[in-house]
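This report concerns only the one structure given below.
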Amino acid sequence: MTHGYSPEEIGAEIQIPTLMLAGAVDKVSPVAINAERYKKHMPDVQLIVLPGIGHLPHLERPKMVNKKIISFFRN
């Protein structure tokens, strides 16, 4: 059980294959501060950094995001 929201605590708890999509130009939650830190602590994560996309990839490029999700689940 985690007691906080740090990547070290949360990442270690996730034990299933995980797809993480992050916008390369996200200013709210930058990749280096959030996604890359989580990736270091998750045993089975696929991080895809989406170029030219900000904080809301599912709204900015919904077709691209859907393709990535479908591909992840097919593999």
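Letters A, B, ... go to the chains of the structure tokens in the order shown; residues in each chain start at 1; ligands are counted from 1 in the same order.
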Residue set, chain A restricted to strand (DSSP E or B), as a tab-separated table (two decimals) with all heavy atoms, in the first residue's frame:
```tsv
chain	number	residue	atom	x	y	z
A	18	THR	N	1.97	-2.03	-18.61
A	18	THR	CA	1.35	-0.71	-18.59
A	18	THR	C	1.82	0.11	-19.78
A	18	THR	O	3.00	0.12	-20.11
A	18	THR	CB	1.74	0.03	-17.29
A	18	THR	OG1	1.36	-0.76	-16.17
A	18	THR	CG2	1.07	1.39	-17.19
A	19	LEU	N	0.88	0.79	-20.40
A	19	LEU	CA	1.18	1.74	-21.47
A	19	LEU	C	1.09	3.14	-20.88
A	19	LEU	O	0.08	3.49	-20.26
A	19	LEU	CB	0.20	1.61	-22.63
A	19	LEU	CG	0.31	2.66	-23.73
A	19	LEU	CD1	1.65	2.55	-24.44
A	19	LEU	CD2	-0.84	2.52	-24.71
A	20	MET	N	2.13	3.92	-21.07
A	20	MET	CA	2.13	5.30	-20.59
A	20	MET	C	2.37	6.21	-21.79
A	20	MET	O	3.40	6.10	-22.46
A	20	MET	CB	3.23	5.48	-19.55
A	20	MET	CG	3.17	6.80	-18.84
A	20	MET	SD	4.51	7.08	-17.60
A	20	MET	CE	4.69	5.53	-16.79
A	21	LEU	N	1.42	7.07	-22.07
A	21	LEU	CA	1.54	8.04	-23.15
A	21	LEU	C	1.77	9.41	-22.54
A	21	LEU	O	1.06	9.81	-21.61
A	21	LEU	CB	0.26	8.06	-24.00
A	21	LEU	CG	-0.14	6.74	-24.64
A	21	LEU	CD1	-1.48	6.87	-25.34
A	21	LEU	CD2	0.92	6.28	-25.62
A	22	ALA	N	2.76	10.12	-23.06
A	22	ALA	CA	3.08	11.43	-22.52
A	22	ALA	C	3.34	12.40	-23.66
A	22	ALA	O	3.97	12.04	-24.66
A	22	ALA	CB	4.31	11.35	-21.63
A	23	GLY	N	2.84	13.60	-23.52
A	23	GLY	CA	3.08	14.64	-24.51
A	23	GLY	C	4.46	15.25	-24.33
A	23	GLY	O	4.83	15.64	-23.23
A	45	VAL	N	6.67	-1.37	-18.14
A	45	VAL	CA	6.00	-0.20	-18.70
A	45	VAL	C	6.55	0.11	-20.09
A	45	VAL	O	7.74	-0.06	-20.36
A	45	VAL	CB	6.14	1.03	-17.79
A	45	VAL	CG1	7.57	1.50	-17.69
A	45	VAL	CG2	5.25	2.16	-18.26
A	46	GLN	N	5.65	0.51	-20.96
A	46	GLN	CA	6.04	1.01	-22.28
A	46	GLN	C	5.68	2.49	-22.29
A	46	GLN	O	4.51	2.85	-22.27
A	46	GLN	CB	5.29	0.26	-23.38
A	46	GLN	CG	5.63	0.77	-24.76
A	46	GLN	CD	4.82	0.05	-25.84
A	46	GLN	OE1	4.10	-0.89	-25.60
A	46	GLN	NE2	4.93	0.55	-27.05
A	47	LEU	N	6.69	3.34	-22.30
A	47	LEU	CA	6.49	4.79	-22.35
A	47	LEU	C	6.63	5.26	-23.78
A	47	LEU	O	7.64	5.00	-24.43
A	47	LEU	CB	7.51	5.51	-21.47
A	47	LEU	CG	7.56	7.04	-21.60
A	47	LEU	CD1	6.22	7.67	-21.25
A	47	LEU	CD2	8.68	7.60	-20.74
A	48	ILE	N	5.60	5.93	-24.27
A	48	ILE	CA	5.65	6.53	-25.60
A	48	ILE	C	5.49	8.04	-25.43
A	48	ILE	O	4.48	8.51	-24.91
A	48	ILE	CB	4.53	5.99	-26.52
A	48	ILE	CG1	4.68	4.47	-26.69
A	48	ILE	CG2	4.56	6.70	-27.87
A	48	ILE	CD1	3.55	3.83	-27.47
A	49	VAL	N	6.51	8.77	-25.83
A	49	VAL	CA	6.47	10.23	-25.77
A	49	VAL	C	6.01	10.72	-27.14
A	49	VAL	O	6.63	10.43	-28.16
A	49	VAL	CB	7.85	10.81	-25.40
A	49	VAL	CG1	7.79	12.32	-25.37
A	49	VAL	CG2	8.30	10.25	-24.05
A	50	LEU	N	4.91	11.44	-27.14
A	50	LEU	CA	4.27	11.90	-28.37
A	50	LEU	C	4.77	13.29	-28.75
A	50	LEU	O	4.51	14.26	-28.03
A	50	LEU	CB	2.75	11.89	-28.19
A	50	LEU	CG	2.17	10.56	-27.71
A	50	LEU	CD1	0.72	10.72	-27.27
A	50	LEU	CD2	2.28	9.52	-28.81
```
Taking the DSSP assignment computed from this structure's backbone, write out as number ranges by chain all residues of chain A that belong to alpha helix (DSSP H). A: 7-13, 35-41, 57-60, 62-74
Selection file, C-alpha atoms, as a tab-separated table (two decimals), in the first residue's frame:
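Final output, result05.tsv:
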```tsv
chain	number	residue	atom	x	y	z
A	7	PRO	CA	6.76	7.80	-8.69
A	8	GLU	CA	8.90	5.70	-6.38
A	9	GLU	CA	5.90	4.64	-4.28
A	10	ILE	CA	3.26	4.30	-6.99
A	11	GLY	CA	5.54	2.80	-9.65
A	12	ALA	CA	6.67	-0.01	-7.39
A	13	GLU	CA	3.06	-1.03	-6.75
A	35	ALA	CA	6.64	9.92	-16.89
A	36	GLU	CA	10.37	9.18	-17.00
A	37	ARG	CA	10.53	8.97	-13.21
A	38	TYR	CA	7.60	6.53	-13.11
A	39	LYS	CA	9.19	4.43	-15.84
A	40	LYS	CA	12.30	3.91	-13.71
A	41	HIS	CA	10.22	2.30	-10.96
A	57	PRO	CA	-2.94	13.81	-25.83
A	58	HIS	CA	-6.37	12.14	-25.96
A	59	LEU	CA	-7.93	15.49	-26.91
A	60	GLU	CA	-5.10	16.86	-29.04
A	62	PRO	CA	-7.34	11.23	-30.34
A	63	LYS	CA	-6.80	9.04	-33.40
A	64	MET	CA	-3.08	8.69	-32.68
A	65	VAL	CA	-3.72	7.90	-29.03
A	66	ASN	CA	-6.36	5.32	-29.91
A	67	LYS	CA	-3.99	3.62	-32.36
A	68	LYS	CA	-1.28	3.40	-29.69
A	69	ILE	CA	-3.72	1.92	-27.17
A	70	ILE	CA	-5.11	-0.63	-29.64
A	71	SER	CA	-1.59	-1.64	-30.65
A	72	PHE	CA	-0.57	-2.09	-27.01
A	73	PHE	CA	-3.49	-4.40	-26.27
A	74	ARG	CA	-3.00	-6.43	-29.44
```
So that I can see what lies close to Asp26 of chain A, please list as a ChimeraX atom specification the residues with an atom at most 10 Å from it, counting only C-alpha atoms and leaving out residues fewer than 6 positions away in the same chain. /A:50-57
Dump all heavy atoms for the selected residues as a PDB file, in the first residue's frame?
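Wrote out_21.pdb, looks like this:
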```pdb
ATOM      1  N   LEU A  50       4.911  11.441 -27.141  1.00  0.00           N
ATOM      2  CA  LEU A  50       4.273  11.898 -28.369  1.00  0.00           C
ATOM      3  C   LEU A  50       4.772  13.290 -28.749  1.00  0.00           C
ATOM      4  O   LEU A  50       4.514  14.263 -28.030  1.00  0.00           O
ATOM      5  CB  LEU A  50       2.749  11.893 -28.185  1.00  0.00           C
ATOM      6  CG  LEU A  50       2.168  10.557 -27.713  1.00  0.00           C
ATOM      7  CD1 LEU A  50       0.722  10.721 -27.272  1.00  0.00           C
ATOM      8  CD2 LEU A  50       2.277   9.519 -28.813  1.00  0.00           C
ATOM      9  N   PRO A  51       5.499  13.413 -29.853  1.00  0.00           N
ATOM     10  CA  PRO A  51       6.071  14.697 -30.250  1.00  0.00           C
ATOM     11  C   PRO A  51       4.998  15.740 -30.586  1.00  0.00           C
ATOM     12  O   PRO A  51       3.964  15.414 -31.167  1.00  0.00           O
ATOM     13  CB  PRO A  51       6.916  14.365 -31.477  1.00  0.00           C
ATOM     14  CG  PRO A  51       6.425  13.050 -31.965  1.00  0.00           C
ATOM     15  CD  PRO A  51       5.786  12.348 -30.810  1.00  0.00           C
ATOM     16  N   GLY A  52       5.263  16.969 -30.164  1.00  0.00           N
ATOM     17  CA  GLY A  52       4.375  18.081 -30.493  1.00  0.00           C
ATOM     18  C   GLY A  52       3.062  18.093 -29.742  1.00  0.00           C
ATOM     19  O   GLY A  52       2.175  18.878 -30.047  1.00  0.00           O
ATOM     20  N   ILE A  53       2.919  17.240 -28.744  1.00  0.00           N
ATOM     21  CA  ILE A  53       1.661  17.137 -28.000  1.00  0.00           C
ATOM     22  C   ILE A  53       1.899  17.584 -26.565  1.00  0.00           C
ATOM     23  O   ILE A  53       2.933  17.323 -25.969  1.00  0.00           O
ATOM     24  CB  ILE A  53       1.120  15.696 -28.057  1.00  0.00           C
ATOM     25  CG1 ILE A  53       0.785  15.358 -29.507  1.00  0.00           C
ATOM     26  CG2 ILE A  53      -0.095  15.526 -27.164  1.00  0.00           C
ATOM     27  CD1 ILE A  53       0.287  13.961 -29.729  1.00  0.00           C
ATOM     28  N   GLY A  54       0.881  18.244 -26.003  1.00  0.00           N
ATOM     29  CA  GLY A  54       0.973  18.762 -24.643  1.00  0.00           C
ATOM     30  C   GLY A  54       0.352  17.854 -23.605  1.00  0.00           C
ATOM     31  O   GLY A  54       0.501  16.632 -23.647  1.00  0.00           O
ATOM     32  N   HIS A  55      -0.399  18.436 -22.697  1.00  0.00           N
ATOM     33  CA  HIS A  55      -0.909  17.747 -21.516  1.00  0.00           C
ATOM     34  C   HIS A  55      -2.117  16.842 -21.790  1.00  0.00           C
ATOM     35  O   HIS A  55      -2.418  15.963 -20.980  1.00  0.00           O
ATOM     36  CB  HIS A  55      -1.273  18.793 -20.449  1.00  0.00           C
ATOM     37  CG  HIS A  55      -1.638  18.194 -19.137  1.00  0.00           C
ATOM     38  ND1 HIS A  55      -0.738  17.486 -18.363  1.00  0.00           N
ATOM     39  CD2 HIS A  55      -2.806  18.195 -18.442  1.00  0.00           C
ATOM     40  CE1 HIS A  55      -1.338  17.089 -17.253  1.00  0.00           C
ATOM     41  NE2 HIS A  55      -2.590  17.498 -17.273  1.00  0.00           N
ATOM     42  N   LEU A  56      -2.805  17.037 -22.875  1.00  0.00           N
ATOM     43  CA  LEU A  56      -4.034  16.279 -23.137  1.00  0.00           C
ATOM     44  C   LEU A  56      -3.962  15.526 -24.465  1.00  0.00           C
ATOM     45  O   LEU A  56      -4.698  15.828 -25.411  1.00  0.00           O
ATOM     46  CB  LEU A  56      -5.247  17.216 -23.120  1.00  0.00           C
ATOM     47  CG  LEU A  56      -5.469  17.976 -21.812  1.00  0.00           C
ATOM     48  CD1 LEU A  56      -6.551  19.029 -21.980  1.00  0.00           C
ATOM     49  CD2 LEU A  56      -5.818  17.018 -20.685  1.00  0.00           C
ATOM     50  N   PRO A  57      -3.101  14.518 -24.557  1.00  0.00           N
ATOM     51  CA  PRO A  57      -2.939  13.806 -25.826  1.00  0.00           C
ATOM     52  C   PRO A  57      -4.244  13.246 -26.379  1.00  0.00           C
ATOM     53  O   PRO A  57      -4.474  13.269 -27.581  1.00  0.00           O
ATOM     54  CB  PRO A  57      -1.970  12.671 -25.490  1.00  0.00           C
ATOM     55  CG  PRO A  57      -1.284  13.082 -24.246  1.00  0.00           C
ATOM     56  CD  PRO A  57      -2.226  13.995 -23.525  1.00  0.00           C
TER      57      PRO A  57
END
```
